[in-house]
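Scroll down for the structure; my scribbles are underneath it.
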Amino acid sequence: MNFKSIALIAFFATIFTACEKDNDNALSTIVINDNFETAANGWTGDFADYPLTPDSLTYNLSFNTANLPLPLNVTKKGLKISGNNHSDDLFMFIKKKISGLKANQNYKFNFQIELASNAPSNASGIGGAPGESVYLGAGVTSIEPKKVKLEGFYRMNINKISQSQSGKDMKIIGNVANGTQKSDYTLLQRSGEFSGTANEKGEAWIIIGTDSGFEGTSTLFYTNVKTTIKKM
């Protein structure tokens with residue numbers, strides 16, 4: 001092999017290495033900014049910590065994309081999730097799968113969440129306050145978070161929040177008290193930062209949810225979720 005051939009091989013090897021490095025750098029930070037004006041953008045909702053029996057119908061569980069209520073801008077939409085907490089421990093959550101990550105890579109996830117709540121601050125309620133006793137948490141898992149049947153109840157397959165207590169897979173980031181003395185829907189801002197590991201397929205799941213000590217109906221509208229994902 002002559003010197004010219006060796007030089008060409010070295011040149012193209014350098015180009016390939018540089019491109020691989022550039023591509024790796026391009027994926028080192030990912031920003032996902034979801035609002036719900038036209039679609040749910042891959043987010044789904046569900047519930048746990050309630051019984052399997054027919055009595056669960058009285059929980060009035062519902063999840064859908066809906067227009068915001070007054071006095072908010074009713075032309076805007078959000079992810080509406082609602083349930084009546086007869087079990088004194090109802091968990092209402094939304095989740096989304098993130099793909100295209102590096103397999104088995106550790107990441108830092110920064111969440112900025114906007115949601116609408118009509119639970120007044122410093123109000124009293126059965127079992128707890130409608131605002132301060134409905135705890136909001138978020139987290140990241142390498143498996144899909146979902147409810148499973150366990151001893152006559154629907155429970156979660158992850159270590160989630162439990163009212164005011166953080167779990168291994170989720171952390172408390174606040175509550176749903178609206179900061180006013182009125183039962184008017186108000187937009188709230190909540191944020192948090194979490195670490196998580198992508199699975200062998202380069203996937204991770206984001207989960208955001210409330211665990212309630214308030215024995216009544218909570219109806220929330222998630223209007224925006226911005227997630228910044230960085231390699232650790």
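Chain labels follow the order of the structure tokens: the first chain is A, the next B, and so on; residue numbering restarts at 1 in every chain, and ligands are counted from 1 in their shown order.
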>> Could you go through stretch 69-201 of chain A and tell me which residues DSSP, when run on the backbone, assigns to strand (DSSP E), listing them as a ChimeraX atom specification?
In response: /A:77-84,91-98,106-117,134-141,147-150,153-156,171-175,186-197
>> Here is a test: counting only C-alpha atoms, which residue of A:Leu68, A:Leu101, A:Leu188, A:Ala40 is nearest to A:Ser28?
In response: A:Leu101
Quick one: which stretch 119-139 of chain A residues come within 6 Å of stretch 167-177 of chain A, and what is the nearest atom pair for each with the distance in Å to one decimal, counting only C-alpha atoms, rows ordered by chain and ascending number, as JSON lines?
{"residue": "A:Ala119", "atom": "CA", "partner": "A:Ala177", "partner_atom": "CA", "distance": 5.2}
{"residue": "A:Pro120", "atom": "CA", "partner": "A:Ala177", "partner_atom": "CA", "distance": 5.5}
{"residue": "A:Ser121", "atom": "CA", "partner": "A:Ala177", "partner_atom": "CA", "distance": 4.9}
{"residue": "A:Gly131", "atom": "CA", "partner": "A:Ala177", "partner_atom": "CA", "distance": 3.7}
{"residue": "A:Glu132", "atom": "CA", "partner": "A:Asn175", "partner_atom": "CA", "distance": 5.5}
{"residue": "A:Val134", "atom": "CA", "partner": "A:Asn175", "partner_atom": "CA", "distance": 5.6}
{"residue": "A:Tyr135", "atom": "CA", "partner": "A:Asn175", "partner_atom": "CA", "distance": 4.3}
{"residue": "A:Leu136", "atom": "CA", "partner": "A:Asn175", "partner_atom": "CA", "distance": 4.9}
{"residue": "A:Gly137", "atom": "CA", "partner": "A:Ile172", "partner_atom": "CA", "distance": 4.2}
{"residue": "A:Ala138", "atom": "CA", "partner": "A:Met170", "partner_atom": "CA", "distance": 5.1}
{"residue": "A:Gly139", "atom": "CA", "partner": "A:Met170", "partner_atom": "CA", "distance": 4.2}
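Counting only C-alpha atoms and comparing A:Ala48, A:Ala198, A:Ala129, A:Ile94, the residue that lies closest to A:Leu150 is A:Ala48.
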> With distances taken over only C-alpha atoms, which of A:Gly125, A:Gly100, A:Gly152, A:Gly78 is nearest to A:Pro54?
Replying inline: A:Gly152
